[in-house]
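Visitor: Got a file for you: start-v9.cif, mmCIF, C-alpha atoms and all ligand atoms.
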data_start
#
loop_
_atom_site.label_atom_id
_atom_site.label_comp_id
_atom_site.auth_asym_id
_atom_site.auth_seq_id
_atom_site.Cartn_x
_atom_site.Cartn_y
_atom_site.Cartn_z
CA MET A 1 17.28 23.69 -41.48
CA LYS A 2 18.95 25.65 -44.28
CA THR A 3 17.54 28.92 -42.97
CA PHE A 4 18.27 28.15 -39.29
CA ASP A 5 20.82 30.53 -37.76
CA PRO A 6 22.07 29.44 -34.33
CA ASN A 7 23.36 32.95 -33.62
CA LEU A 8 19.90 34.52 -33.68
CA PRO A 9 17.44 34.37 -30.76
CA GLY A 10 15.29 31.22 -30.76
CA VAL A 11 11.76 31.34 -32.14
CA ALA A 12 9.24 29.14 -30.33
CA THR A 13 8.33 26.06 -32.38
CA GLY A 14 6.50 24.17 -29.66
CA GLY A 15 9.47 21.81 -29.29
CA TYR A 16 12.56 21.76 -27.08
CA PHE A 17 15.28 24.28 -28.02
CA ALA A 18 13.14 25.72 -30.85
CA LEU A 19 14.94 23.46 -33.32
CA PRO A 20 13.68 22.97 -36.87
CA PHE A 21 14.27 19.21 -37.20
CA THR A 22 11.52 16.79 -38.17
CA ARG A 23 11.21 13.49 -36.36
CA GLU A 24 12.42 11.73 -39.49
CA GLU A 25 15.64 13.77 -39.51
CA ALA A 26 16.20 13.49 -35.78
CA LYS A 27 18.75 11.27 -34.07
CA ILE A 28 17.46 12.19 -30.61
CA VAL A 29 13.74 12.27 -29.89
CA LEU A 30 12.45 13.87 -26.71
CA ILE A 31 9.25 12.44 -25.25
CA SER A 32 7.41 14.57 -22.67
CA VAL A 33 5.46 12.85 -19.91
CA PRO A 34 3.52 15.54 -17.97
CA TRP A 35 2.63 13.35 -14.99
CA ASP A 36 2.51 13.91 -11.22
CA VAL A 37 -0.16 11.53 -9.95
CA THR A 38 1.75 9.99 -7.04
CA THR A 39 3.83 13.03 -6.00
CA SER A 40 3.57 12.85 -2.23
CA TYR A 41 4.68 16.28 -1.06
CA ARG A 42 4.07 18.96 -3.67
CA PRO A 43 2.57 18.47 -7.16
CA GLY A 44 3.65 20.58 -10.13
CA THR A 45 6.06 18.38 -12.06
CA HIS A 46 3.37 17.76 -14.70
CA MET A 47 4.16 21.32 -15.85
CA GLY A 48 7.89 20.54 -16.13
CA PRO A 49 8.01 19.63 -19.83
CA TYR A 50 6.02 22.69 -20.92
CA ALA A 51 8.10 25.03 -18.75
CA MET A 52 11.34 23.51 -20.03
CA ILE A 53 10.20 23.89 -23.64
CA ASP A 54 9.53 27.60 -22.92
CA ALA A 55 12.84 28.06 -21.12
CA SER A 56 14.78 26.17 -23.79
CA VAL A 57 14.00 28.76 -26.46
CA GLN A 58 16.47 31.20 -24.90
CA ILE A 59 19.38 28.75 -24.60
CA ASP A 60 22.51 29.20 -26.71
CA LEU A 61 23.00 25.87 -28.42
CA PHE A 62 26.76 25.96 -28.05
CA ASN A 63 28.70 23.37 -26.12
CA SER A 64 32.41 23.80 -25.48
CA ARG A 65 32.95 20.02 -25.49
CA VAL A 66 30.74 19.02 -28.42
CA PRO A 67 31.48 20.80 -31.71
CA GLN A 68 28.56 22.28 -33.65
CA ALA A 69 26.08 21.34 -30.98
CA TRP A 70 23.39 23.42 -32.67
CA LYS A 71 23.43 20.98 -35.60
CA ILE A 72 22.46 18.01 -33.42
CA PRO A 73 19.16 16.80 -34.80
CA ILE A 74 16.85 16.78 -31.77
CA ALA A 75 13.08 16.53 -32.29
CA THR A 76 10.16 16.70 -29.88
CA LEU A 77 7.31 14.21 -29.88
CA PRO A 78 3.94 15.89 -29.18
CA VAL A 79 2.54 15.06 -25.73
CA HIS A 80 0.32 11.97 -25.97
CA GLU A 81 -3.25 13.30 -25.97
CA GLU A 82 -4.46 10.92 -23.26
CA LEU A 83 -1.82 11.86 -20.69
CA PRO A 84 -2.94 15.32 -19.46
CA ILE A 85 -6.54 14.13 -19.00
CA LEU A 86 -5.51 10.91 -17.29
CA ASN A 87 -3.09 12.81 -15.06
CA ARG A 88 -5.75 15.29 -13.94
CA SER A 89 -8.35 12.68 -13.04
CA ALA A 90 -5.91 10.27 -11.40
CA ARG A 91 -4.23 13.08 -9.42
CA LYS A 92 -7.62 14.04 -7.90
CA MET A 93 -8.15 10.47 -6.76
CA ALA A 94 -4.58 10.12 -5.52
CA GLU A 95 -5.03 13.23 -3.36
CA GLN A 96 -7.76 11.40 -1.39
CA ILE A 97 -5.27 8.63 -0.68
CA ILE A 98 -2.46 11.00 0.24
CA GLU A 99 -4.76 13.01 2.55
CA SER A 100 -5.82 9.84 4.29
CA TRP A 101 -2.18 8.92 4.97
CA GLU A 102 -1.56 12.46 6.23
CA GLU A 103 -4.42 11.99 8.70
CA GLY A 104 -2.70 8.81 9.83
CA ILE A 105 -5.36 6.49 8.44
CA ASP A 106 -4.59 3.65 6.04
CA PRO A 107 -6.74 4.53 2.97
CA ARG A 108 -7.92 0.92 2.82
CA GLU A 109 -9.55 1.46 6.23
CA ASN A 110 -11.06 4.68 4.89
CA LYS A 111 -13.00 2.76 2.19
CA LEU A 112 -10.61 4.05 -0.45
CA GLU A 113 -9.58 0.65 -1.78
CA ASP A 114 -11.38 1.17 -5.11
CA VAL A 115 -9.91 4.64 -5.49
CA LEU A 116 -6.43 3.27 -4.91
CA GLU A 117 -7.03 0.57 -7.50
CA GLN A 118 -8.17 3.15 -10.06
CA VAL A 119 -5.05 5.24 -9.46
CA ASN A 120 -2.86 2.17 -9.95
CA GLU A 121 -4.73 1.38 -13.18
CA ALA A 122 -4.20 4.93 -14.45
CA CYS A 123 -0.47 4.60 -13.71
CA SER A 124 -0.40 1.27 -15.58
CA ARG A 125 -1.99 2.99 -18.55
CA MET A 126 0.67 5.74 -18.43
CA ASN A 127 3.38 3.07 -18.36
CA ARG A 128 1.79 1.41 -21.38
CA ILE A 129 1.64 4.69 -23.33
CA VAL A 130 5.31 5.43 -22.59
CA TYR A 131 6.23 1.85 -23.53
CA LEU A 132 4.46 2.11 -26.89
CA GLN A 133 5.87 5.56 -27.69
CA SER A 134 9.39 4.44 -26.77
CA SER A 135 9.19 1.13 -28.66
CA GLU A 136 8.09 2.94 -31.80
CA GLN A 137 11.02 5.40 -31.64
CA LEU A 138 13.53 2.64 -30.81
CA ARG A 139 12.31 0.68 -33.84
CA GLN A 140 13.14 3.74 -35.95
CA GLY A 141 16.66 3.80 -34.53
CA LYS A 142 16.24 6.94 -32.43
CA THR A 143 17.92 7.71 -29.14
CA ILE A 144 15.21 8.71 -26.68
CA GLY A 145 15.23 11.23 -23.88
CA LEU A 146 12.19 11.14 -21.63
CA VAL A 147 11.19 14.36 -19.91
CA GLY A 148 9.01 14.12 -16.79
CA GLY A 149 6.96 14.57 -14.87
CA GLU A 150 7.55 12.78 -11.61
CA HIS A 151 10.12 10.02 -11.49
CA SER A 152 7.64 7.17 -11.96
CA VAL A 153 7.44 7.90 -15.70
CA PRO A 154 10.39 5.98 -17.24
CA LEU A 155 9.25 2.41 -16.38
CA GLY A 156 7.66 1.79 -19.81
CA PHE A 157 10.74 3.18 -21.53
CA LEU A 158 13.05 0.97 -19.44
CA GLN A 159 10.91 -2.02 -20.46
CA ALA A 160 11.18 -1.10 -24.14
CA LEU A 161 14.97 -0.78 -23.76
CA GLY A 162 15.01 -4.17 -22.05
CA GLU A 163 13.62 -5.67 -25.23
CA HIS A 164 16.32 -3.97 -27.32
CA HIS A 165 19.34 -4.75 -25.15
CA ASP A 166 20.25 -8.05 -23.49
CA SER A 167 21.85 -6.24 -20.63
CA TYR A 168 22.29 -2.66 -19.42
CA GLY A 169 22.97 -0.64 -16.30
CA ILE A 170 21.37 2.50 -14.89
CA LEU A 171 23.27 5.55 -13.70
CA HIS A 172 20.76 7.06 -11.27
CA ILE A 173 21.36 10.58 -9.94
CA ASP A 174 18.82 11.45 -7.24
CA ALA A 175 18.39 12.69 -3.66
CA HIS A 176 16.25 9.59 -3.08
CA ALA A 177 16.95 5.90 -3.61
CA ASP A 178 13.48 5.30 -5.14
CA LEU A 179 13.64 1.70 -3.88
CA ARG A 180 10.40 1.67 -1.88
CA GLU A 181 7.87 -1.03 -2.57
CA ALA A 182 4.49 0.59 -3.46
CA TYR A 183 4.94 3.81 -1.50
CA GLU A 184 1.63 5.02 0.06
CA GLY A 185 -0.07 2.06 -1.65
CA PHE A 186 0.79 3.33 -5.14
CA THR A 187 2.34 0.46 -7.10
CA PHE A 188 3.91 2.89 -9.57
CA SER A 189 5.02 5.59 -7.16
CA HIS A 190 7.75 8.12 -7.90
CA ALA A 191 9.48 6.63 -4.83
CA SER A 192 9.44 3.11 -6.33
CA ILE A 193 10.81 3.55 -9.84
CA MET A 194 14.11 1.74 -9.23
CA TYR A 195 12.44 -0.97 -7.13
CA ASN A 196 9.98 -1.62 -9.98
CA ALA A 197 12.70 -1.46 -12.65
CA LEU A 198 14.98 -3.96 -10.85
CA LYS A 199 12.06 -6.24 -10.06
CA SER A 200 10.38 -6.37 -13.46
CA ILE A 201 13.13 -5.87 -16.08
CA PRO A 202 15.63 -8.76 -16.17
CA SER A 203 17.94 -6.97 -18.66
CA ILE A 204 18.86 -4.39 -16.01
CA SER A 205 22.12 -5.81 -14.71
CA SER A 206 23.16 -2.97 -12.42
CA LEU A 207 22.02 0.20 -10.72
CA THR A 208 24.53 2.89 -9.73
CA GLN A 209 23.03 5.48 -7.38
CA VAL A 210 24.69 8.87 -6.98
CA GLY A 211 23.88 11.76 -4.64
CA VAL A 212 21.27 9.91 -2.54
CA ARG A 213 20.74 11.52 0.87
CA ASP A 214 17.12 10.86 1.88
CA TYR A 215 16.19 7.18 2.24
CA CYS A 216 14.60 4.82 4.71
CA GLN A 217 15.71 1.71 6.60
CA GLU A 218 13.99 -0.64 4.14
CA GLU A 219 15.85 0.99 1.24
CA HIS A 220 19.14 0.97 3.15
CA GLU A 221 18.79 -2.81 3.61
CA ARG A 222 17.84 -3.32 -0.03
CA ILE A 223 20.94 -1.40 -1.13
CA GLY A 224 23.10 -3.59 1.15
CA ASN A 225 21.53 -6.87 0.04
CA ASP A 226 21.11 -6.43 -3.71
CA THR A 227 24.46 -7.06 -5.39
CA ARG A 228 23.28 -5.23 -8.51
CA ILE A 229 23.28 -1.90 -6.62
CA SER A 230 26.35 0.35 -6.27
CA PHE A 231 25.73 3.20 -3.88
CA PHE A 232 27.51 6.57 -3.89
CA SER A 233 25.59 8.52 -1.27
CA ASP A 234 25.86 12.29 -1.03
CA ASP A 235 27.53 11.81 2.38
CA SER A 236 30.23 9.52 1.02
CA LEU A 237 30.92 11.75 -2.01
CA GLN A 238 31.21 14.86 0.17
CA GLU A 239 33.46 13.00 2.60
CA GLY A 240 35.66 12.04 -0.31
CA LEU A 241 35.94 15.68 -1.35
CA PHE A 242 36.62 16.87 2.23
CA GLU A 243 39.32 14.25 2.61
CA GLY A 244 41.15 15.14 -0.57
CA LEU A 245 39.73 12.96 -3.35
CA THR A 246 39.19 14.93 -6.52
CA TRP A 247 35.82 14.91 -8.25
CA ARG A 248 37.46 13.25 -11.22
CA GLU A 249 38.66 10.37 -9.00
CA GLN A 250 35.18 9.94 -7.59
CA CYS A 251 33.64 10.03 -11.07
CA GLN A 252 36.08 7.30 -12.16
CA ARG A 253 34.93 5.14 -9.24
CA ILE A 254 31.30 5.74 -10.16
CA MET A 255 31.98 4.79 -13.77
CA GLU A 256 33.84 1.62 -12.80
CA SER A 257 30.52 0.32 -11.46
CA LEU A 258 28.83 0.83 -14.83
CA PRO A 259 28.61 -1.84 -17.55
CA GLU A 260 29.10 -1.21 -21.27
CA TYR A 261 25.53 -0.09 -21.97
CA VAL A 262 24.27 2.68 -19.75
CA TYR A 263 20.93 4.39 -19.22
CA ILE A 264 20.97 7.74 -17.38
CA SER A 265 18.11 8.47 -14.98
CA LEU A 266 18.38 11.99 -13.70
CA ASP A 267 16.10 13.25 -10.95
CA ILE A 268 16.70 17.00 -10.72
CA ASP A 269 16.55 16.79 -6.91
CA GLY A 270 19.90 14.95 -7.01
CA LEU A 271 21.25 18.45 -7.50
CA SER A 272 21.36 21.07 -4.76
CA PRO A 273 17.90 22.55 -4.04
CA ASP A 274 19.26 25.97 -5.05
CA LEU A 275 18.98 24.58 -8.57
CA CYS A 276 15.48 23.12 -8.20
CA PRO A 277 13.68 25.01 -5.41
CA ASN A 278 10.21 24.02 -6.67
CA THR A 279 10.81 20.29 -7.21
CA GLY A 280 8.38 17.85 -5.56
CA THR A 281 10.65 16.69 -2.72
CA PRO A 282 13.66 19.03 -2.26
CA VAL A 283 16.48 17.88 0.07
CA PRO A 284 19.45 19.96 1.32
CA GLY A 285 22.90 18.94 0.12
CA GLY A 286 23.39 17.36 -3.27
CA LEU A 287 25.57 17.81 -6.32
CA ASN A 288 26.23 21.09 -8.04
CA PHE A 289 25.55 21.69 -11.70
CA GLN A 290 29.17 21.39 -12.82
CA GLN A 291 29.70 18.13 -10.93
CA VAL A 292 26.77 16.48 -12.72
CA ASP A 293 27.86 17.99 -16.03
CA TYR A 294 31.41 16.71 -15.60
CA LEU A 295 30.29 13.20 -14.62
CA LEU A 296 28.05 12.96 -17.69
CA TYR A 297 30.83 14.37 -19.89
CA LEU A 298 33.31 11.73 -18.65
CA LEU A 299 30.75 9.00 -19.19
CA ALA A 300 29.96 10.17 -22.72
CA PHE A 301 33.62 10.19 -23.73
CA SER A 302 34.41 6.83 -22.09
CA HIS A 303 34.14 3.51 -23.95
CA ARG A 304 30.58 3.01 -22.66
CA LYS A 305 27.47 3.50 -24.75
CA ILE A 306 24.58 5.67 -23.58
CA ILE A 307 21.33 4.00 -24.69
CA GLY A 308 18.82 6.56 -23.44
CA PHE A 309 18.02 8.87 -20.58
CA ASP A 310 15.33 10.58 -18.54
CA LEU A 311 15.20 13.92 -16.77
CA CYS A 312 12.47 14.06 -14.14
CA GLU A 313 10.99 16.09 -11.28
CA VAL A 314 11.63 19.55 -12.74
CA ALA A 315 8.74 21.70 -11.47
CA PRO A 316 8.38 25.34 -12.44
CA GLY A 317 7.60 27.95 -9.80
CA GLU A 318 4.43 30.04 -10.10
CA GLU A 319 6.23 33.09 -11.46
CA ASP A 320 9.80 31.89 -11.42
CA PRO A 321 11.31 30.09 -14.44
CA TRP A 322 14.57 29.21 -12.61
CA ASP A 323 13.87 25.48 -12.18
CA ALA A 324 12.93 25.22 -15.85
CA ILE A 325 16.02 27.16 -16.96
CA VAL A 326 18.30 24.78 -15.03
CA GLY A 327 16.35 21.76 -16.34
CA ALA A 328 16.46 22.91 -19.97
CA ARG A 329 20.20 23.62 -19.81
CA LEU A 330 20.89 20.23 -18.28
CA LEU A 331 18.66 18.62 -20.90
CA HIS A 332 20.64 20.21 -23.71
CA LYS A 333 23.95 19.09 -22.20
CA ILE A 334 22.71 15.50 -21.91
CA CYS A 335 21.49 15.60 -25.52
CA CYS A 336 24.92 16.86 -26.65
CA TYR A 337 26.82 14.19 -24.72
CA CYS A 338 24.46 11.46 -25.83
CA TYR A 339 24.88 12.46 -29.46
CA ALA A 340 28.68 12.68 -29.21
CA ASN A 341 28.73 9.31 -27.42
CA ASN A 342 26.47 7.56 -29.93
CA LYS A 343 28.50 8.90 -32.88
CA LYS A 344 31.73 7.24 -31.73
MN MN A 401 13.62 10.10 -7.97
#
Let's see the structure in the file written out as structure tokens.
Ligand SMILES: [Mn+2]
Guide:
Amino acid sequence: MKTFDPNLPGVATGGYFALPFTREEAKIVLISVPWDVTTSYRPGTHMGPYAMIDASVQIDLFNSRVPQAWKIPIATLPVHEELPILNRSARKMAEQIIESWEEGIDPRENKLEDVLEQVNEACSRMNRIVYLQSSEQLRQGKTIGLVGGEHSVPLGFLQALGEHHDSYGILHIDAHADLREAYEGFTFSHASIMYNALKSIPSISSLTQVGVRDYCQEEHERIGNDTRISFFSDDSLQEGLFEGLTWREQCQRIMESLPEYVYISLDIDGLSPDLCPNTGTPVPGGLNFQQVDYLLYLLAFSHRKIIGFDLCEVAPGEEDPWDAIVGARLLHKICCYCYANNKK
């Protein structure tokens, strides 16, 4: 650290932002989960963490709202050795299921019941790995940021947090509600993360959804019937802006729905697809970069406490690092705000 000069270009260290901190020194630990087993439309998010690490080397670690941001001790946990292998084999099996749905045949009628079960087991194993990694870091007093991968990855982390906090809420920024029960037969689908979290983790007292604009009837009814859910759809937020509400006023309303302890779950597709053209399920509309940044900034400097976060669904293009550049910059901003928030 003594020889680290934040004014010089970054030198790749294999970790996010090319920072020199050890895990012992770190306050924030980033855990990569390169996983895209259940991605229904377009795989590629398993490359997100690696692409963001590459892109993060060229980021200036300066933040106008957080002094000396380059000194924030952020460390990167190496990718769990089992995950890439498990992802590859389970993805192959999942593709059989997805193809069957695309042909209009229930995979269970296509004799794919065993395959489906094996995919669900692989996803359970991933959840267990993330749970163990997160629990270990929480025990050591670290704040964790999880980097996906598809949006199914934080369930194990949310469970570990549930054992550390009696009660917390989730701020969920996403184009999708992720409230489907076992989408395409996959128990741990990217489209089911919030359904699974609300169902299986009693400490989660509330879910605040922001930017959602692609959801189904079943999810619409769940949102209406579950009193834990506060819903700020993309439509309603844009209407507010068109009709004269400021973004600050809307952010205040969003924050009023949040309890004292807050987890941030950020699906990159909550942002406009201009900012994530290669993500698994892009949807027109959405928030711009500065709107998300400002919301997170207000949250960080409010009386609430940020207890952890995830950033998911960033998928790099074949030759185009744009998605990863946006993802890495957002990741650094969240780390800065989290650190400033936790220091208060
Ligand atoms: Mn999502």
Visitor: Using only C-alpha atoms, which residues sit within 9 Å of A:Val326 once same-chain residues fewer than 6 positions away are excluded, as a list in words?
Guide: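 The contact residues come out as Met52, Ala55, Leu275, Cys276, Phe289 and Val314 of chain A.
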Visitor: Could you list, as a list in words, all protein and nucleic acid residues with an atom at most 6 Å from ligand MN 401 (chain A), counting all atoms listed in the file?
Guide: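 What falls inside 6 Å of ligand MN 401 (chain A) is His151, Asp174, His176, Asp178 and Asp267 of chain A.
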Visitor: Quick one: distance from atom CA of A:Phe157 to atom CA of A:Arg128 in Å, one decimal?
Guide: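 So the two atoms, atom CA of A:Phe157 and atom CA of A:Arg128, lie 9.1 Å apart.
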Visitor: Which polymer residues have any atom within 12 Å of an atom of A:Val115, counting all atoms listed in the file, with same-chain residues fewer than 4 positions away left out, as a count of residues only?
Guide: 21
Visitor: What is the distance between atom CA of A:Glu150 and atom CA of A:Thr38, in Å to one decimal?
Guide: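 Going from atom CA of A:Glu150 over to atom CA of A:Thr38 covers 7.9 Å.
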Visitor: Record the distance separating atom CA of A:Cys338 and atom CA of A:Leu146, expressed in Å with one decimal.
Guide: 13.0 Å
Visitor: Using only C-alpha atoms, which of the listed residues (A:Glu249, A:Ile254, A:Glu243, A:Leu112) sits closest to A:Thr208?
Guide: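 The shortest atom-to-atom distance to A:Thr208 comes from A:Ile254.
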Visitor: Using only C-alpha atoms, list the residues that have an atom at most 10 Å from (21.3, 26.1, -22.7), coordinates as in the file, as a ChimeraX atom specification.
Guide: /A:17,55-63,325-333
Visitor: Would you save the residues of that selection, restricted to C-alpha atoms, as an mmCIF file, in the coordinates of the input?
Guide:
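And here is the file that came out, part-v6.cif:
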data_model
loop_
_atom_site.group_PDB
_atom_site.id
_atom_site.type_symbol
_atom_site.label_atom_id
_atom_site.label_comp_id
_atom_site.auth_asym_id
_atom_site.auth_seq_id
_atom_site.Cartn_x
_atom_site.Cartn_y
_atom_site.Cartn_z
ATOM 1 C CA PHE A 17 15.280 24.280 -28.020
ATOM 2 C CA ALA A 55 12.840 28.060 -21.120
ATOM 3 C CA SER A 56 14.780 26.170 -23.790
ATOM 4 C CA VAL A 57 14.000 28.760 -26.460
ATOM 5 C CA GLN A 58 16.470 31.200 -24.900
ATOM 6 C CA ILE A 59 19.380 28.750 -24.600
ATOM 7 C CA ASP A 60 22.510 29.200 -26.710
ATOM 8 C CA LEU A 61 23.000 25.870 -28.420
ATOM 9 C CA PHE A 62 26.760 25.960 -28.050
ATOM 10 C CA ASN A 63 28.700 23.370 -26.120
ATOM 11 C CA ILE A 325 16.020 27.160 -16.960
ATOM 12 C CA VAL A 326 18.300 24.780 -15.030
ATOM 13 C CA GLY A 327 16.350 21.760 -16.340
ATOM 14 C CA ALA A 328 16.460 22.910 -19.970
ATOM 15 C CA ARG A 329 20.200 23.620 -19.810
ATOM 16 C CA LEU A 330 20.890 20.230 -18.280
ATOM 17 C CA LEU A 331 18.660 18.620 -20.900
ATOM 18 C CA HIS A 332 20.640 20.210 -23.710
ATOM 19 C CA LYS A 333 23.950 19.090 -22.200
#
Visitor: Name all residues at most 7 Å from A:Lys27 (count all atoms listed in the file; drop same-chain ones fewer than 6 positions away) and give them as a ChimeraX atom specification.
Guide: /A:73-74,142-143
Visitor: Residues within 8 Å of stretch 200-202 of chain A, please, as a list in words. Count all atoms listed in the file; anything in the same chain fewer than 5 positions from it doesn't count.
Guide: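 Near neighbours after the sequence-gap exclusion: Leu158, Gln159 and Gly162 of chain A.
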Visitor: Could you dump the residues just selected with C-alpha atoms as a JSON list (two decimals), in the frame of the given file?
Guide:
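Resulting contents of part_1.json:
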[["chain", "number", "residue", "atom", "x", "y", "z"],
["A", 158, "LEU", "CA", 13.05, 0.97, -19.44],
["A", 159, "GLN", "CA", 10.91, -2.02, -20.46],
["A", 162, "GLY", "CA", 15.01, -4.17, -22.05]]
Visitor: With all atoms listed in the file as the atoms that count, which of A:Lys199, A:His190, A:Lys71, A:Arg180 lies nearest to A:Val37?
Guide: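 Of the candidates, the smallest distance to A:Val37 is held by A:His190.
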Visitor: Closest to A:Gln209 among A:Ser192, A:Ser257, A:Ser167, A:Gln133, using all atoms listed in the file?
Guide: A:Ser257
Visitor: For stretch 257-275 of chain A, supply N, CA and C atoms and report the output as a PDB file, in the frame of the given file.
Guide:
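Output below, filename out_20.pdb:
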ATOM      1  N   SER A 257      31.653   1.184 -11.823  1.00  0.00           N
ATOM      2  CA  SER A 257      30.520   0.320 -11.460  1.00  0.00           C
ATOM      3  C   SER A 257      29.539   0.150 -12.620  1.00  0.00           C
ATOM      4  N   LEU A 258      29.788   0.870 -13.720  1.00  0.00           N
ATOM      5  CA  LEU A 258      28.830   0.830 -14.830  1.00  0.00           C
ATOM      6  C   LEU A 258      29.260  -0.178 -15.895  1.00  0.00           C
ATOM      7  N   PRO A 259      28.278  -0.906 -16.464  1.00  0.00           N
ATOM      8  CA  PRO A 259      28.610  -1.840 -17.550  1.00  0.00           C
ATOM      9  C   PRO A 259      28.789  -1.098 -18.874  1.00  0.00           C
ATOM     10  N   GLU A 260      28.843  -1.827 -19.957  1.00  0.00           N
ATOM     11  CA  GLU A 260      29.100  -1.210 -21.270  1.00  0.00           C
ATOM     12  C   GLU A 260      27.921  -0.348 -21.735  1.00  0.00           C
ATOM     13  N   TYR A 261      26.714  -0.838 -21.533  1.00  0.00           N
ATOM     14  CA  TYR A 261      25.530  -0.090 -21.970  1.00  0.00           C
ATOM     15  C   TYR A 261      24.897   0.595 -20.764  1.00  0.00           C
ATOM     16  N   VAL A 262      24.699   1.891 -20.904  1.00  0.00           N
ATOM     17  CA  VAL A 262      24.270   2.680 -19.750  1.00  0.00           C
ATOM     18  C   VAL A 262      23.055   3.546 -20.076  1.00  0.00           C
ATOM     19  N   TYR A 263      22.093   3.499 -19.177  1.00  0.00           N
ATOM     20  CA  TYR A 263      20.930   4.390 -19.220  1.00  0.00           C
ATOM     21  C   TYR A 263      21.122   5.426 -18.102  1.00  0.00           C
ATOM     22  N   ILE A 264      20.829   6.686 -18.401  1.00  0.00           N
ATOM     23  CA  ILE A 264      20.970   7.740 -17.380  1.00  0.00           C
ATOM     24  C   ILE A 264      19.580   8.128 -16.881  1.00  0.00           C
ATOM     25  N   SER A 265      19.377   8.024 -15.569  1.00  0.00           N
ATOM     26  CA  SER A 265      18.110   8.470 -14.980  1.00  0.00           C
ATOM     27  C   SER A 265      18.426   9.620 -14.034  1.00  0.00           C
ATOM     28  N   LEU A 266      17.974  10.800 -14.427  1.00  0.00           N
ATOM     29  CA  LEU A 266      18.380  11.990 -13.700  1.00  0.00           C
ATOM     30  C   LEU A 266      17.171  12.647 -13.036  1.00  0.00           C
ATOM     31  N   ASP A 267      17.112  12.530 -11.722  1.00  0.00           N
ATOM     32  CA  ASP A 267      16.100  13.250 -10.950  1.00  0.00           C
ATOM     33  C   ASP A 267      16.734  14.581 -10.568  1.00  0.00           C
ATOM     34  N   ILE A 268      16.086  15.682 -10.922  1.00  0.00           N
ATOM     35  CA  ILE A 268      16.700  17.000 -10.720  1.00  0.00           C
ATOM     36  C   ILE A 268      17.015  17.235  -9.235  1.00  0.00           C
ATOM     37  N   ASP A 269      16.284  16.546  -8.335  1.00  0.00           N
ATOM     38  CA  ASP A 269      16.550  16.790  -6.910  1.00  0.00           C
ATOM     39  C   ASP A 269      17.860  16.138  -6.429  1.00  0.00           C
ATOM     40  N   GLY A 270      18.543  15.393  -7.323  1.00  0.00           N
ATOM     41  CA  GLY A 270      19.900  14.950  -7.010  1.00  0.00           C
ATOM     42  C   GLY A 270      20.836  16.144  -6.886  1.00  0.00           C
ATOM     43  N   LEU A 271      20.472  17.217  -7.594  1.00  0.00           N
ATOM     44  CA  LEU A 271      21.250  18.450  -7.500  1.00  0.00           C
ATOM     45  C   LEU A 271      20.858  19.221  -6.240  1.00  0.00           C
ATOM     46  N   SER A 272      21.662  20.210  -5.914  1.00  0.00           N
ATOM     47  CA  SER A 272      21.360  21.070  -4.760  1.00  0.00           C
ATOM     48  C   SER A 272      19.999  21.755  -4.966  1.00  0.00           C
ATOM     49  N   PRO A 273      19.217  21.901  -3.894  1.00  0.00           N
ATOM     50  CA  PRO A 273      17.900  22.550  -4.040  1.00  0.00           C
ATOM     51  C   PRO A 273      17.967  23.999  -4.515  1.00  0.00           C
ATOM     52  N   ASP A 274      19.126  24.634  -4.443  1.00  0.00           N
ATOM     53  CA  ASP A 274      19.260  25.970  -5.050  1.00  0.00           C
ATOM     54  C   ASP A 274      18.931  25.911  -6.536  1.00  0.00           C
ATOM     55  N   LEU A 275      19.153  24.723  -7.128  1.00  0.00           N
ATOM     56  CA  LEU A 275      18.980  24.580  -8.570  1.00  0.00           C
ATOM     57  C   LEU A 275      17.608  24.039  -8.951  1.00  0.00           C
TER      58      LEU A 275
END
